[in-house]
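Participant: To be precise about what I am sending: the file is called final_23.cif and holds mmCIF, C-alpha atoms (C1' of nucleotides).
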```
data_coords
#
loop_
_atom_site.label_atom_id
_atom_site.label_comp_id
_atom_site.auth_asym_id
_atom_site.auth_seq_id
_atom_site.Cartn_x
_atom_site.Cartn_y
_atom_site.Cartn_z
CA MET A 1 -27.75 -16.87 -4.36
CA THR A 2 -25.79 -14.33 -6.38
CA VAL A 3 -24.85 -12.49 -3.19
CA PHE A 4 -22.80 -15.40 -1.87
CA ALA A 5 -20.83 -15.71 -5.09
CA ALA A 6 -20.24 -11.97 -5.18
CA THR A 7 -19.11 -12.02 -1.57
CA LEU A 8 -16.52 -14.74 -2.11
CA ARG A 9 -15.35 -13.15 -5.33
CA THR A 10 -14.90 -9.77 -3.66
CA ILE A 11 -12.98 -11.29 -0.76
CA HIS A 12 -10.84 -13.23 -3.19
CA GLU A 13 -9.99 -10.11 -5.17
CA LEU A 14 -9.67 -7.51 -2.43
CA GLY A 15 -9.01 -9.54 0.71
CA TYR A 16 -11.23 -9.67 3.75
CA ALA A 17 -10.45 -6.13 4.87
CA GLY A 18 -10.96 -4.75 1.37
CA ALA A 19 -14.30 -6.47 1.02
CA THR A 20 -16.49 -3.75 2.47
CA MET A 21 -20.24 -4.08 2.51
CA ASP A 22 -20.49 -1.33 -0.09
CA ARG A 23 -18.22 -3.22 -2.45
CA ILE A 24 -19.92 -6.55 -1.88
CA ALA A 25 -23.27 -4.90 -2.60
CA ALA A 26 -21.90 -3.34 -5.78
CA ALA A 27 -20.43 -6.65 -6.91
CA ALA A 28 -23.75 -8.37 -6.33
CA GLY A 29 -25.65 -5.60 -8.12
CA VAL A 30 -27.63 -4.95 -4.96
CA ALA A 31 -28.10 -2.05 -2.59
CA LYS A 32 -26.24 -2.17 0.70
CA THR A 33 -29.46 -1.74 2.60
CA THR A 34 -30.72 -4.93 1.00
CA LEU A 35 -27.81 -6.83 2.50
CA TYR A 36 -28.67 -5.51 5.94
CA ARG A 37 -32.32 -6.44 5.43
CA ARG A 38 -31.31 -10.07 5.05
CA TRP A 39 -28.29 -10.32 7.33
CA SER A 40 -27.91 -8.59 10.65
CA SER A 41 -24.21 -7.89 10.18
CA LYS A 42 -21.26 -8.40 7.89
CA GLY A 43 -20.21 -11.37 9.98
CA ALA A 44 -23.62 -12.97 9.66
CA LEU A 45 -23.52 -12.56 5.89
CA ILE A 46 -20.12 -14.18 5.59
CA ALA A 47 -21.00 -16.95 8.01
CA ASP A 48 -24.02 -17.82 5.85
CA CYS A 49 -21.86 -17.49 2.78
CA LEU A 50 -19.39 -20.02 4.16
CA LEU A 51 -22.17 -22.32 5.27
CA ASP A 52 -23.42 -22.28 1.69
CA ALA A 53 -19.96 -22.76 0.22
CA PHE A 54 -18.90 -25.58 2.52
CA GLY A 55 -22.07 -27.61 2.69
CA PRO A 56 -22.28 -30.69 4.89
CA VAL A 57 -19.21 -32.73 5.85
CA PRO A 58 -18.80 -35.72 3.59
CA LEU A 59 -18.26 -38.60 5.99
CA ASN A 60 -17.18 -41.26 3.54
CA GLY A 61 -15.30 -44.42 4.36
CA SER A 62 -15.96 -47.61 6.19
CA SER A 63 -13.36 -47.35 8.92
CA ARG A 64 -13.04 -44.66 11.54
CA ASP A 65 -9.70 -43.60 10.09
CA ASP A 66 -11.18 -43.21 6.64
CA VAL A 67 -13.95 -41.00 7.95
CA MET A 68 -11.58 -38.76 9.85
CA THR A 69 -9.11 -38.57 7.00
CA SER A 70 -11.79 -37.58 4.51
CA ALA A 71 -13.11 -34.96 6.93
CA VAL A 72 -9.70 -33.36 7.37
CA ARG A 73 -9.00 -33.44 3.63
CA TRP A 74 -12.40 -31.92 2.96
CA ILE A 75 -11.99 -28.93 5.26
CA ALA A 76 -8.41 -28.38 4.08
CA ARG A 77 -9.61 -28.38 0.48
CA LYS A 78 -12.50 -26.02 1.23
CA ILE A 79 -10.22 -23.58 3.00
CA SER A 80 -7.97 -23.62 -0.06
CA GLU A 81 -10.72 -22.51 -2.39
CA PRO A 82 -10.36 -18.93 -3.62
CA GLY A 83 -11.84 -16.52 -1.12
CA ALA A 84 -13.05 -19.20 1.27
CA GLY A 85 -9.91 -19.35 3.38
CA ALA A 86 -9.65 -15.59 3.71
CA ALA A 87 -13.36 -15.38 4.46
CA PHE A 88 -13.13 -18.08 7.09
CA ALA A 89 -10.09 -16.59 8.77
CA GLY A 90 -11.59 -13.13 8.58
CA VAL A 91 -14.96 -13.94 10.04
CA PHE A 92 -13.34 -16.03 12.72
CA SER A 93 -11.04 -13.20 13.65
CA ASP A 94 -13.96 -10.79 13.83
CA ALA A 95 -15.81 -13.25 16.04
CA ILE A 96 -13.06 -13.15 18.65
CA ASN A 97 -14.06 -9.61 19.53
CA ASP A 98 -17.77 -9.90 18.81
CA PRO A 99 -19.74 -12.20 21.12
CA ALA A 100 -22.84 -12.01 18.93
CA LEU A 101 -20.90 -13.17 15.90
CA ARG A 102 -19.21 -15.83 17.98
CA GLU A 103 -22.65 -17.12 18.87
CA ILE A 104 -23.64 -17.25 15.22
CA LEU A 105 -20.44 -19.05 14.32
CA ALA A 106 -20.72 -21.52 17.17
CA THR A 107 -24.36 -22.46 16.61
CA ARG A 108 -24.91 -22.14 12.87
CA PHE A 109 -21.47 -23.18 11.76
CA GLN A 110 -19.69 -25.38 14.28
CA GLU A 111 -22.75 -27.08 15.74
CA PRO A 112 -23.90 -29.02 12.65
CA TYR A 113 -20.42 -30.32 12.01
CA ARG A 114 -19.95 -31.25 15.65
CA LEU A 115 -23.16 -33.26 15.63
CA ALA A 116 -22.38 -34.99 12.35
CA LEU A 117 -18.90 -35.92 13.51
CA ARG A 118 -20.11 -37.16 16.88
CA GLU A 119 -22.66 -39.33 15.12
CA ALA A 120 -20.11 -40.73 12.69
CA LEU A 121 -17.26 -41.23 15.14
CA GLY A 122 -19.09 -42.10 18.35
CA GLU A 123 -16.82 -39.92 20.45
CA PRO A 124 -17.83 -37.68 23.37
CA ASP A 125 -18.37 -33.99 22.73
CA ASP A 126 -15.12 -32.75 24.21
CA ARG A 127 -13.14 -35.05 21.96
CA ILE A 128 -14.97 -33.82 18.89
CA LEU A 129 -14.48 -30.22 19.92
CA LEU A 130 -10.77 -30.77 20.42
CA PHE A 131 -10.63 -32.46 17.04
CA ILE A 132 -12.24 -29.40 15.44
CA ASP A 133 -9.98 -27.03 17.36
CA VAL A 134 -6.85 -28.81 16.22
CA VAL A 135 -7.80 -29.19 12.57
CA THR A 136 -9.43 -25.83 11.97
CA GLY A 137 -7.11 -23.94 14.29
CA THR A 138 -4.00 -25.29 12.63
CA LEU A 139 -5.21 -24.68 9.10
CA LEU A 140 -6.34 -21.14 9.91
CA HIS A 141 -3.14 -20.34 11.77
CA ARG A 142 -1.11 -21.37 8.77
CA MET A 143 -3.39 -19.38 6.51
CA GLY A 144 -3.12 -16.33 8.73
CA MET A 145 0.61 -16.54 9.19
CA THR A 146 1.62 -17.16 5.59
CA GLY A 147 -1.40 -16.03 3.60
CA GLU A 148 -1.31 -19.37 1.82
CA PRO A 149 -3.19 -22.60 2.56
CA MET A 150 -1.32 -25.52 4.07
CA SER A 151 0.62 -27.79 1.74
CA GLU A 152 -0.48 -31.33 0.92
CA GLY A 153 2.42 -32.79 2.86
CA ASP A 154 1.76 -30.86 6.05
CA THR A 155 -1.93 -31.63 5.79
CA ALA A 156 -1.06 -35.33 5.61
CA THR A 157 1.18 -35.01 8.66
CA LEU A 158 -1.59 -33.22 10.50
CA THR A 159 -4.01 -36.00 9.58
CA ASP A 160 -1.66 -38.69 10.86
CA MET A 161 -1.16 -36.77 14.06
CA ILE A 162 -4.87 -36.70 14.74
CA LEU A 163 -5.50 -40.29 13.74
CA ASN A 164 -2.86 -41.46 16.18
CA ALA A 165 -4.07 -39.22 18.98
CA LEU A 166 -7.79 -39.91 18.91
CA ARG A 167 -7.50 -43.64 18.80
CA MET B 1 7.00 0.06 30.63
CA THR B 2 3.76 1.37 32.05
CA VAL B 3 2.25 1.39 28.57
CA PHE B 4 2.47 -2.39 28.23
CA ALA B 5 0.73 -2.95 31.55
CA ALA B 6 -1.95 -0.42 30.67
CA THR B 7 -2.46 -2.08 27.29
CA LEU B 8 -2.98 -5.55 28.73
CA ARG B 9 -5.17 -4.20 31.48
CA THR B 10 -7.36 -2.31 29.01
CA ILE B 11 -7.71 -5.36 26.78
CA HIS B 12 -8.54 -7.48 29.79
CA GLU B 13 -11.25 -5.09 30.93
CA LEU B 14 -12.76 -4.00 27.63
CA GLY B 15 -11.78 -6.76 25.21
CA TYR B 16 -9.62 -6.34 22.17
CA ALA B 17 -12.22 -4.41 20.23
CA GLY B 18 -12.95 -2.12 23.13
CA ALA B 19 -9.30 -1.36 23.68
CA THR B 20 -8.98 1.63 21.40
CA MET B 21 -5.79 3.60 21.17
CA ASP B 22 -7.49 6.51 22.91
CA ARG B 23 -8.44 4.34 25.85
CA ILE B 24 -5.04 2.66 26.09
CA ALA B 25 -3.42 6.09 26.08
CA ALA B 26 -5.77 7.29 28.80
CA ALA B 27 -5.12 4.18 30.90
CA ALA B 28 -1.38 4.70 30.57
CA GLY B 29 -1.69 8.41 31.41
CA VAL B 30 -0.16 9.26 28.07
CA ALA B 31 -1.24 11.14 24.96
CA LYS B 32 -2.32 9.09 21.97
CA THR B 33 0.21 10.85 19.80
CA THR B 34 2.94 9.59 22.11
CA LEU B 35 1.90 6.01 21.39
CA TYR B 36 2.16 6.66 17.68
CA ARG B 37 5.57 8.26 18.14
CA ARG B 38 6.86 4.99 19.55
CA TRP B 39 4.84 2.41 17.64
CA SER B 40 3.86 2.62 14.03
CA SER B 41 0.42 1.09 14.53
CA LYS B 42 -1.88 -0.45 17.08
CA GLY B 43 -0.76 -3.90 15.95
CA ALA B 44 2.89 -3.01 16.44
CA LEU B 45 2.18 -1.80 19.95
CA ILE B 46 0.37 -4.97 20.92
CA ALA B 47 2.96 -7.20 19.28
CA ASP B 48 5.67 -5.51 21.36
CA CYS B 49 3.44 -5.74 24.39
CA LEU B 50 3.07 -9.50 23.91
CA LEU B 51 6.77 -9.90 23.25
CA ASP B 52 7.39 -8.21 26.57
CA ALA B 53 4.74 -10.23 28.38
CA PHE B 54 5.77 -13.62 26.99
CA GLY B 55 9.56 -13.34 27.10
CA PRO B 56 11.72 -16.15 25.79
CA VAL B 57 10.55 -19.77 25.67
CA PRO B 58 11.75 -21.72 28.66
CA LEU B 59 13.25 -24.87 27.16
CA ASN B 60 13.69 -26.90 30.30
CA GLY B 61 14.12 -30.62 30.50
CA SER B 62 16.71 -33.15 29.52
CA SER B 63 14.72 -35.22 27.05
CA ARG B 64 13.09 -34.06 23.86
CA ASP B 65 9.67 -34.83 25.26
CA ASP B 66 10.32 -32.73 28.33
CA VAL B 67 11.37 -29.77 26.25
CA MET B 68 8.32 -29.95 24.03
CA THR B 69 5.97 -30.50 26.92
CA SER B 70 7.31 -27.53 28.83
CA ALA B 71 7.05 -25.37 25.70
CA VAL B 72 3.40 -26.28 25.16
CA ARG B 73 2.55 -25.75 28.81
CA TRP B 74 4.34 -22.43 28.78
CA ILE B 75 2.45 -20.98 25.80
CA ALA B 76 -0.84 -22.36 27.10
CA ARG B 77 -0.22 -20.69 30.44
CA LYS B 78 0.78 -17.41 28.85
CA ILE B 79 -2.31 -17.35 26.68
CA SER B 80 -4.40 -17.90 29.81
CA GLU B 81 -3.06 -14.82 31.53
CA PRO B 82 -5.59 -11.98 31.77
CA GLY B 83 -5.57 -9.93 28.61
CA ALA B 84 -2.79 -11.87 26.95
CA GLY B 85 -5.01 -14.39 25.20
CA ALA B 86 -7.39 -11.77 23.91
CA ALA B 87 -4.47 -9.60 22.84
CA PHE B 88 -2.80 -12.50 21.05
CA ALA B 89 -5.95 -13.59 19.29
CA GLY B 90 -6.82 -10.01 18.42
CA VAL B 91 -3.49 -9.02 16.96
CA PHE B 92 -3.31 -12.29 15.09
CA SER B 93 -6.73 -11.73 13.64
CA ASP B 94 -5.80 -8.22 12.58
CA ALA B 95 -2.67 -9.57 10.94
CA ILE B 96 -4.71 -11.78 8.65
CA ASN B 97 -5.90 -8.71 6.79
CA ASP B 98 -2.81 -6.58 7.26
CA PRO B 99 0.35 -7.79 5.48
CA ALA B 100 2.52 -5.24 7.28
CA LEU B 101 1.36 -6.48 10.66
CA ARG B 102 1.76 -10.06 9.52
CA GLU B 103 5.37 -9.25 8.72
CA ILE B 104 5.90 -7.78 12.19
CA LEU B 105 4.30 -10.81 13.79
CA ALA B 106 6.25 -13.30 11.70
CA THR B 107 9.67 -11.71 12.18
CA ARG B 108 9.56 -10.19 15.65
CA PHE B 109 7.31 -12.71 17.26
CA GLN B 110 7.39 -16.10 15.57
CA GLU B 111 10.99 -15.99 14.35
CA PRO B 112 12.76 -15.99 17.74
CA TYR B 113 10.66 -18.88 19.00
CA ARG B 114 11.18 -20.80 15.80
CA LEU B 115 14.94 -20.45 16.06
CA ALA B 116 15.02 -21.37 19.74
CA LEU B 117 12.86 -24.43 19.17
CA ARG B 118 14.89 -25.56 16.17
CA GLU B 119 18.04 -25.24 18.21
CA ALA B 120 16.61 -27.18 21.12
CA LEU B 121 14.83 -29.88 19.15
CA GLY B 122 17.09 -30.31 16.15
CA GLU B 123 14.19 -30.55 13.75
CA PRO B 124 13.94 -29.02 10.25
CA ASP B 125 12.15 -25.71 9.85
CA ASP B 126 8.95 -27.07 8.37
CA ARG B 127 8.49 -29.41 11.33
CA ILE B 128 8.97 -26.57 13.78
CA LEU B 129 6.54 -24.38 11.86
CA LEU B 130 3.94 -27.12 11.83
CA PHE B 131 4.51 -27.58 15.56
CA ILE B 132 3.87 -23.89 16.12
CA ASP B 133 0.82 -23.93 13.85
CA VAL B 134 -0.74 -26.84 15.69
CA VAL B 135 -0.10 -25.59 19.22
CA THR B 136 -0.82 -21.91 18.74
CA GLY B 137 -3.59 -22.47 16.21
CA THR B 138 -5.42 -24.90 18.45
CA LEU B 139 -5.13 -22.76 21.57
CA LEU B 140 -6.25 -19.63 19.76
CA HIS B 141 -9.11 -21.40 18.04
CA ARG B 142 -10.40 -22.59 21.37
CA MET B 143 -9.94 -19.12 22.82
CA GLY B 144 -11.76 -17.55 19.88
CA MET B 145 -14.60 -20.04 19.84
CA THR B 146 -15.36 -20.13 23.55
CA GLY B 147 -13.78 -16.96 24.88
CA GLU B 148 -12.05 -19.09 27.50
CA PRO B 149 -8.58 -20.63 27.49
CA MET B 150 -8.22 -24.38 26.96
CA SER B 151 -8.62 -26.62 29.99
CA GLU B 152 -5.74 -28.46 31.62
CA GLY B 153 -7.05 -31.78 30.40
CA ASP B 154 -7.37 -30.79 26.78
CA THR B 155 -3.97 -29.14 26.90
CA ALA B 156 -2.51 -32.41 28.12
CA THR B 157 -4.23 -34.30 25.31
CA LEU B 158 -2.90 -31.80 22.82
CA THR B 159 0.59 -32.25 24.21
CA ASP B 160 0.40 -36.03 23.91
CA MET B 161 -0.85 -35.72 20.37
CA ILE B 162 2.13 -33.65 19.37
CA LEU B 163 4.67 -35.76 21.23
CA ASN B 164 3.46 -38.85 19.43
CA ALA B 165 3.34 -37.19 16.05
CA LEU B 166 6.71 -35.47 15.96
CA ARG B 167 8.70 -38.43 17.09
"C1'" DA C 1 21.10 30.29 29.49
"C1'" DC C 2 20.16 27.78 25.39
"C1'" DA C 3 19.26 24.31 22.04
"C1'" DT C 4 17.29 19.92 21.46
"C1'" DT C 5 14.26 16.56 22.18
"C1'" DA C 6 10.14 14.47 23.82
"C1'" DC C 7 5.60 15.08 25.12
"C1'" DG C 8 0.60 16.91 25.56
"C1'" DC C 9 -3.30 18.76 23.34
"C1'" DT C 10 -6.71 19.99 19.99
"C1'" DA C 11 -8.35 19.34 15.83
"C1'" DC C 12 -8.50 17.09 11.82
"C1'" DT C 13 -8.84 13.29 7.66
"C1'" DG C 14 -10.37 9.10 5.76
"C1'" DG C 15 -12.72 5.09 5.98
"C1'" DT C 16 -16.26 1.65 7.63
"C1'" DA C 17 -20.35 -0.64 9.83
"C1'" DG C 18 -24.83 0.10 10.31
"C1'" DT C 19 -29.46 3.03 10.10
"C1'" DA C 20 -33.48 6.26 8.67
"C1'" DG C 21 -36.60 7.61 5.57
"C1'" DC C 22 -38.66 7.94 1.31
"C1'" DG C 23 -39.87 6.70 -3.33
"C1'" DT C 24 -40.55 2.90 -6.56
"C1'" DA C 25 -40.96 -1.59 -8.59
"C1'" DA C 26 -42.50 -6.37 -8.04
"C1'" DT C 27 -45.99 -9.58 -6.42
"C1'" DG C 28 -50.02 -11.91 -5.38
"C1'" DG C 29 -54.90 -12.16 -3.91
"C1'" DG C 30 -59.62 -10.64 -4.76
"C1'" DC D 1 -57.84 -5.46 -13.60
"C1'" DC D 2 -56.93 -3.14 -9.13
"C1'" DC D 3 -55.06 -2.65 -4.83
"C1'" DA D 4 -52.44 -3.73 -0.78
"C1'" DT D 5 -48.35 -5.63 0.72
"C1'" DT D 6 -43.83 -6.53 0.45
"C1'" DA D 7 -39.22 -6.06 -1.12
"C1'" DC D 8 -35.90 -3.20 -3.03
"C1'" DG D 9 -32.97 1.05 -4.48
"C1'" DC D 10 -31.18 5.32 -3.22
"C1'" DT D 11 -29.43 9.21 -0.68
"C1'" DA D 12 -28.06 10.79 3.31
"C1'" DC D 13 -26.97 10.31 7.51
"C1'" DT D 14 -24.64 8.70 12.61
"C1'" DA D 15 -21.12 6.81 15.35
"C1'" DC D 16 -16.71 5.18 15.80
"C1'" DC D 17 -11.86 4.38 15.20
"C1'" DA D 18 -6.98 4.41 13.27
"C1'" DG D 19 -3.78 7.51 12.21
"C1'" DT D 20 -1.85 12.54 11.30
"C1'" DA D 21 -0.74 17.77 11.52
"C1'" DG D 22 0.58 21.48 13.91
"C1'" DC D 23 1.59 24.04 17.74
"C1'" DG D 24 2.75 25.02 22.45
"C1'" DT D 25 5.20 23.45 26.54
"C1'" DA D 26 8.02 20.84 29.69
"C1'" DA D 27 12.15 18.07 30.37
"C1'" DT D 28 17.05 17.39 29.43
"C1'" DG D 29 21.69 17.94 28.94
"C1'" DT D 30 25.50 20.91 27.86
#
```
What is this structure when it is put down as structure tokens?

Facilitator:
Amino acid sequence: MTVFAATLRTIHELGYAGATMDRIAAAAGVAKTTLYRRWSSKGALIADCLLDAFGPVPLNGSSRDDVMTSAVRWIARKISEPGAGAAFAGVFSDAINDPALREILATRFQEPYRLALREALGEPDDRILLFIDVVTGTLLHRMGMTGEPMSEGDTATLTDMILNALR
Amino acid sequence: MTVFAATLRTIHELGYAGATMDRIAAAAGVAKTTLYRRWSSKGALIADCLLDAFGPVPLNGSSRDDVMTSAVRWIARKISEPGAGAAFAGVFSDAINDPALREILATRFQEPYRLALREALGEPDDRILLFIDVVTGTLLHRMGMTGEPMSEGDTATLTDMILNALR
DNA sequence: ACATTACGCTACTGGTAGTAGCGTAATGGG
DNA sequence: CCCATTACGCTACTACCAGTAGCGTAATGT
């Protein structure tokens, strides 16, 4: 979909706040009303956009540690992609004050990953949810505080931390 | 300051999004222009409000583990207080798209805690920053995703995770 | 009593999400 | 080939909120 590419490009160039629906529509060569015909809100559009950009979690590796390490590296890499981190942080921040968007994020975004991870790791739900909170929360907090994605070294430290904890 | 109490109360009752400057002013029995005479923006007001509500980190305990544990418990408890979590998450989310507010948050809010923790723990800056990212990021992510603060049990698990990692 | 400062109030700007309504182009079946 | 249906573009709106201007008034302190 051209709209998704235009959305990420606009966010990358103008930031999340600067990426208004008018501008996204213009960048996609589409009328704003068309966006609202397909997505119920700006948050819904960006959530779908991220879902498209991220795709499923690659759960490679034979051992449990390998699987978890690859998952952490994957989400860290995705968040580093131009526009994706700002989009993620932005839509998440909007969701805090918008229960409807929070619902969308929780079901359409977090749910699939939670199920895939539970399947691959054989852990109970609350463990998986804590795992997601720690990884995503930390990466987004760094992104929000500095405007830059987390460094390779800190990502490695974070990975070790989690591997040791959820053993 | 009555304004701080009114701000937290309004956020608690109406959520971060519902807590407009007009409503905060009304709740405080003050004109909106008065708020803007004292604080340069809504974010600045809430940052000061949180600074007032949180106060300094209590760094109790003789051992390193005790200090870190008490710090984690403290911030988790503060975030659980009515209005404080929503205010924290809200101002943080605004900061993502507002470099000026990010500056305020980084210098007036994160800086003092970073210095205090570095002093107490004797760790290099990047370790302290990662510590803050993990703790605050995780707690806020949970708050943002569920609307509720993290449970005692998960907070304990988080604490153990960090104690083991930053050893 | 007077000057200064802080505050209240009304009214405004600028910007954004989201909507209504209408005309027009694409599409697909008969 | 025609027609109905659907999707889209466009203009013009509403509603809402952060932040500001300007003016009058009350507090304050000297």

Participant: Quick check: residues of chain C within 12 Å of chain B, all atoms listed in the file, returned as a list in words.

Facilitator: DA6, DC7, DG8, DC9 and DT10 of chain C

Participant: I need the residues from that last selection saved to file as a PDB file, keeping the file's coordinate frame (with C-alpha atoms (C1' of nucleotides)), if you can.

Facilitator:
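What landed in selection-v6.pdb:
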```
ATOM      1  C1'  DA C   6      10.140  14.470  23.820  1.00  0.00           C
ATOM      2  C1'  DC C   7       5.600  15.080  25.120  1.00  0.00           C
ATOM      3  C1'  DG C   8       0.600  16.910  25.560  1.00  0.00           C
ATOM      4  C1'  DC C   9      -3.300  18.760  23.340  1.00  0.00           C
ATOM      5  C1'  DT C  10      -6.710  19.990  19.990  1.00  0.00           C
TER       6       DT C  10
END
```

Participant: After fitting chain B to chain A over all Cα atoms matched in order, what RMSD is left?

Facilitator: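 Per the least-squares fit, the RMSD is 0.1 Å.
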
Participant: Please indicate the distance in Å from CA of Asp94 (chain B) to CA of Gly137 (chain A), rounded to one decimal place.

Facilitator: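 CA of Gly137 (chain A) lies at a distance of 15.9 Å from CA of Asp94 (chain B).
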
Participant: One decimal, in Å: what's the spacing between CA of Ala120 (chain A) and CA of Leu59 (chain A)?

Facilitator: 7.3 Å

Participant: Name the residues that the PyMOL selection byres ((chain B) within 10 of (chain A)) pulls out of this structure, and write them as a PyMOL selection string.

Facilitator: chain B and resi 14-18+86+89-99+102-103+105-106+110+126-127+129-147+150+154-155+157-166

Participant: Which residues come within 9 Å of region 22-25 of chain C, counting only C-alpha atoms (C1' of nucleotides), excluding same-chain residues fewer than 4 positions away, as a list in words?

Facilitator: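 Near region 22-25 of chain C, the qualifying residues are DA7, DC8, DG9 and DC10 of chain D.
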
Participant: Evaluate the PyMOL selection byres ((chain A and resi 19) around 12) and record the selected residues as a PyMOL selection string, following the chain and residue labels used in the document.

Facilitator: (chain A and resi 6-18+20-27+42-43+46+83+86-87+90-91) or (chain B and resi 97) or (chain C and resi 16)

Participant: Which residues fall under the PyMOL selection byres ((chain D) within 12 of (chain B)) in this file, as an mmCIF file with C-alpha atoms (C1' of nucleotides), in the frame of the given file?

Facilitator:
```cif
data_model
loop_
_atom_site.group_PDB
_atom_site.id
_atom_site.type_symbol
_atom_site.label_atom_id
_atom_site.label_comp_id
_atom_site.auth_asym_id
_atom_site.auth_seq_id
_atom_site.Cartn_x
_atom_site.Cartn_y
_atom_site.Cartn_z
ATOM 1 C "C1'" DC D 16 -16.710 5.180 15.800
ATOM 2 C "C1'" DC D 17 -11.860 4.380 15.200
ATOM 3 C "C1'" DA D 18 -6.980 4.410 13.270
ATOM 4 C "C1'" DG D 19 -3.780 7.510 12.210
ATOM 5 C "C1'" DT D 20 -1.850 12.540 11.300
ATOM 6 C "C1'" DA D 21 -0.740 17.770 11.520
#
```

Participant: Just the number, please: distance in Å from CA of Pro56 (chain B) to CA of Arg38 (chain B), one decimal.

Facilitator: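 Spanning CA of Pro56 (chain B) to CA of Arg38 (chain B) is a straight-line distance of 22.6 Å.
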
Participant: Return as AutoDock Vina command-line options the centre and edge lengths, in Å with one decimal, of the box along x, y and z that encloses every atom of region 138-153 of chain B in the file, padded by 3 Å per side.

Facilitator:
```
--center_x -10.2 --center_y -24.4 --center_z 24.8 --size_x 16.2 --size_y 20.8 --size_z 19.6
```

Participant: Applying 12 Å and all atoms listed in the file, which residues near DT30 (chain D) remain after dropping the ones on its own chain fewer than 2 positions away? List them as a list in words.

Facilitator: DA1, DC2, DA3 and DT4 of chain C; DT28 of chain D

Participant: So which one's closest to DA17 (chain C), D:DC23, D:DG29, D:DC2, D:DT14? Using all atoms listed in the file, please.

Facilitator: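 Once distances to DA17 (chain C) are computed over all atoms listed in the file, the minimum belongs to D:DT14.
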